[in-house]
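For reference, the structure discussed in these notes is given below.
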Amino acid sequence: MTAPRVVVAGATSAIAQEAARCWAAEGASFLLAGRDPVRLGIVRDDLLVRGAAKVVPFAIDLTEVPRLPALLDAAEGELGGIDLLLVAHGCLPDQQACESSVDETLRAIDVNFSSAVALLTLAASRMERGGTGTIVVISSVAGDRGRASNYVYGSAKAGLTAFVSGLRGRLSRSGVRVVTVKPGFVDTPMTAHLAKSPLFASARSVGEGVHRAARGGRDVVYLPWWWALVMLVVKHVPERIFKKLKI
C-alpha cells in the first residue's frame, strides 16, 4: 500500500496527533495546519521520529477563510496531492458565556462549524476533480441531540454532521470517500476542566479509532463504539422528559 499524503486541520489537537502517529508509522507525508507554529514544530518532530516521510507545518487560524486556498495549494505543492484530509479542529466553548454573549456564541459556531464547512467546500472540489481520496471529519456525539448544558457546541456539531452527510452523498459519485467520526467524552486538554468519569476515553484510543475509520468501510463511526447505543437511547427520549433532565 502506498503511503498516504495527509493534510491535518487542527494538527495540534490530542486526537489528531494520535491519529497522525498511526499514519506516520506507515511512512505517510503530512501537511500540518494549526495556529501555533511552536506546537506544530513539536508535532512535526514527533511524526518524523515515528516514521513519517515528510512533515510540513503550516501556521494558520482556520477561521481565516481567505487563507484556506493557500493551505490547500501548499498541500498540493509540498506533497504532490491530497490522499486524506482530516478535519479535527474545534473548541469546547463555555456554555454560560455563550448564553450571555452573542460574540462568544458566534465564535464557537465559527470555530466548530463555519470554518470546517469552508475548508471542506474548497477541499471537496479539488478532490472531486481528482476522483479519489478520503475525507475524515471529527464531529461529536454532542451533535446528536441538543442538551441544555452545551447546546451551542452541540448545535455546531449537529450542523457539521448534517453538512458532512450531504457532502458524502455528493462525493460518493466521484470516488471520494467521506467519513464522519463521532467521539464521546475524550480525556484531552480541551476537557481538562471537566470531572472525569468512566465514560471518558483516552486520546490515544480515539486517535487510533480515527485511523481505523479512515481505512474502513463505514460512513459514520462512533468512538468508542458503544456511544452509538447510548445516543440511540438519548435520541428517543421524549422531549417532554428530556427537557427536564439535568444533562
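Ordering of the C-alpha cells sets the chain letters (A, B, ...), residue numbers begin anew at 1 in every chain, and ligands are numbered from 1 in the order given.
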
Residue set, segment 4-241 of chain A restricted to helix (DSSP H, G or I), as a count of residues only:
126

Which of segment 32-224 of chain A fall in strand (DSSP E or B), as an MDAnalysis selection string
chainID A and resid 32:34 54:59 84:87 134:138 177:183 186:187 201:202 220:223

For Ser115 of chain A, please output as a PyMOL selection string all residues within 7 Å (counting only C-alpha atoms; exclusion window: fewer than 5 positions along the same chain).
chain A and resi 62-63+65+110

Any idea what's packed within 8 Å of Val179 of chain A, counting only C-alpha atoms, ignoring anything in its chain fewer than 5 positions away? Could you give it as an MDAnalysis selection string?
chainID A and resid 134:137 164 168 213:214 218:221

Contacts of Ile15 of chain A at 7 Å or less, counting only C-alpha atoms, minus same-chain residues fewer than 2 places along, as a PyMOL selection string?
chain A and resi 13+17-19+203-204+206-207

Please save C-alpha atoms of the selected residues as a short mmCIF file (atom, residue, chain, number, x, y, z; two decimals), in the first residue's frame.
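This went into part-v4.cif:
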data_model
loop_
_atom_site.label_atom_id
_atom_site.label_comp_id
_atom_site.auth_asym_id
_atom_site.auth_seq_id
_atom_site.Cartn_x
_atom_site.Cartn_y
_atom_site.Cartn_z
CA SER A 13 -5.19 18.59 18.96
CA GLN A 17 -1.79 13.82 16.95
CA GLU A 18 -2.60 10.25 17.94
CA ALA A 19 -4.19 9.55 14.56
CA ALA A 203 -6.99 10.41 23.21
CA ARG A 204 -4.82 7.53 22.03
CA VAL A 206 -9.85 7.61 19.88
CA GLY A 207 -6.98 8.64 17.59
#

So what do you get for atom CA of Tyr153 of chain A versus atom CA of Ala20 of chain A, distance-wise?
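Calculated distance between atom CA of Tyr153 of chain A and atom CA of Ala20 of chain A is 24.9 Å.
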
For Gly27 of chain A, find every residue with an atom within 12 Å (counting only C-alpha atoms), except residues of its own chain fewer than 5 positions away, and show them as an NGL selection string.
:A and (1-6 or 20-22 or 47-55)

Output file for the selection above: C-alpha atoms, as a short mmCIF file (atom, residue, chain, number, x, y, z; two decimals), in the first residue's frame:
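Now in out.cif:
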data_model
loop_
_atom_site.label_atom_id
_atom_site.label_comp_id
_atom_site.auth_asym_id
_atom_site.auth_seq_id
_atom_site.Cartn_x
_atom_site.Cartn_y
_atom_site.Cartn_z
CA MET A 1 0.00 0.00 0.00
CA THR A 2 1.32 3.42 -0.97
CA ALA A 3 1.97 5.70 1.98
CA PRO A 4 -0.75 8.39 2.09
CA ARG A 5 -0.35 12.13 1.72
CA VAL A 6 -2.25 13.51 4.70
CA ALA A 20 -1.24 11.12 12.76
CA ARG A 21 1.16 8.86 14.66
CA CYS A 22 -0.61 5.86 13.15
CA LEU A 47 6.00 12.34 13.49
CA LEU A 48 9.38 12.28 11.78
CA VAL A 49 10.80 10.16 14.60
CA ARG A 50 7.85 7.79 14.21
CA GLY A 51 8.48 7.17 10.52
CA ALA A 52 6.83 9.97 8.56
CA ALA A 53 8.45 10.55 5.17
CA LYS A 54 7.86 14.30 5.17
CA VAL A 55 6.14 16.76 7.51
#

Interatomic distance, atom CA of Asp187 of chain A to atom CA of Thr161 of chain A (Å, one decimal):
21.8 Å

If you count only C-alpha atoms, the residue of A:Cys91, A:Val102, A:Leu32, A:Ala124 closest to Arg170 of chain A turns out to be A:Ala124

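Summary of the local environment: counting only C-alpha atoms, residues at most 10 Å from Pro69 of chain A, other than itself and those fewer than 4 positions away along its chain, are A:Val65, A:Asp73, A:Ala74, A:Ala75, A:Ala118, A:Leu119, A:Leu122, A:Ala123.
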
Write out the residues from the selection above, keeping C-alpha atoms, as a JSON list (two decimals), in the first residue's frame.
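See again.json below for the written result:
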[["chain", "number", "residue", "atom", "x", "y", "z"],
["A", 65, "VAL", "CA", -11.27, 31.70, 5.31],
["A", 73, "ASP", "CA", -2.15, 24.96, -2.54],
["A", 74, "ALA", "CA", 0.68, 24.25, -0.08],
["A", 75, "ALA", "CA", -0.52, 20.68, 0.36],
["A", 118, "ALA", "CA", -15.34, 26.49, 4.37],
["A", 119, "LEU", "CA", -12.35, 24.14, 4.31],
["A", 122, "LEU", "CA", -12.76, 24.07, -1.00],
["A", 123, "ALA", "CA", -11.10, 20.69, -0.48]]

Closest to Ala59 of chain A among A:Leu85, A:Thr12, A:Leu160, A:Ser149, using only C-alpha atoms?
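Answer, going by the shortest atom-to-atom distance: A:Thr12.
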
Correct to one decimal, the distance atom CA of His89 of chain A-atom CA of Ile60 of chain A is 11.5 Å

Using only C-alpha atoms, I'd like a table of the residues in segment 134-200 of chain A that come within 10 Å of segment 234-239 of chain A; for each, show the closest atom pair and its distance in Å rounded to one decimal, ordered by chain and ascending number, as a tab-separated table.
residue	atom	partner	partner_atom	distance
A:Asp144	CA	A:Lys235	CA	7.0
A:Arg145	CA	A:Lys235	CA	6.3
A:Gly146	CA	A:Lys235	CA	9.6

Could you take the residues named above and write them with C-alpha atoms, as a CSV table (one decimal), in the first residue's frame?
chain,number,residue,atom,x,y,z
A,144,ASP,CA,-27.0,14.0,18.1
A,145,ARG,CA,-29.2,15.9,20.4
A,146,GLY,CA,-29.1,19.4,22.0

Rank A:His211, A:Lys182, A:Arg107, A:His193 by their smallest atom-to-atom distance to Trp225 of chain A, using only C-alpha atoms, and report the top residue only.
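Answer, going by the shortest atom-to-atom distance: A:Lys182.
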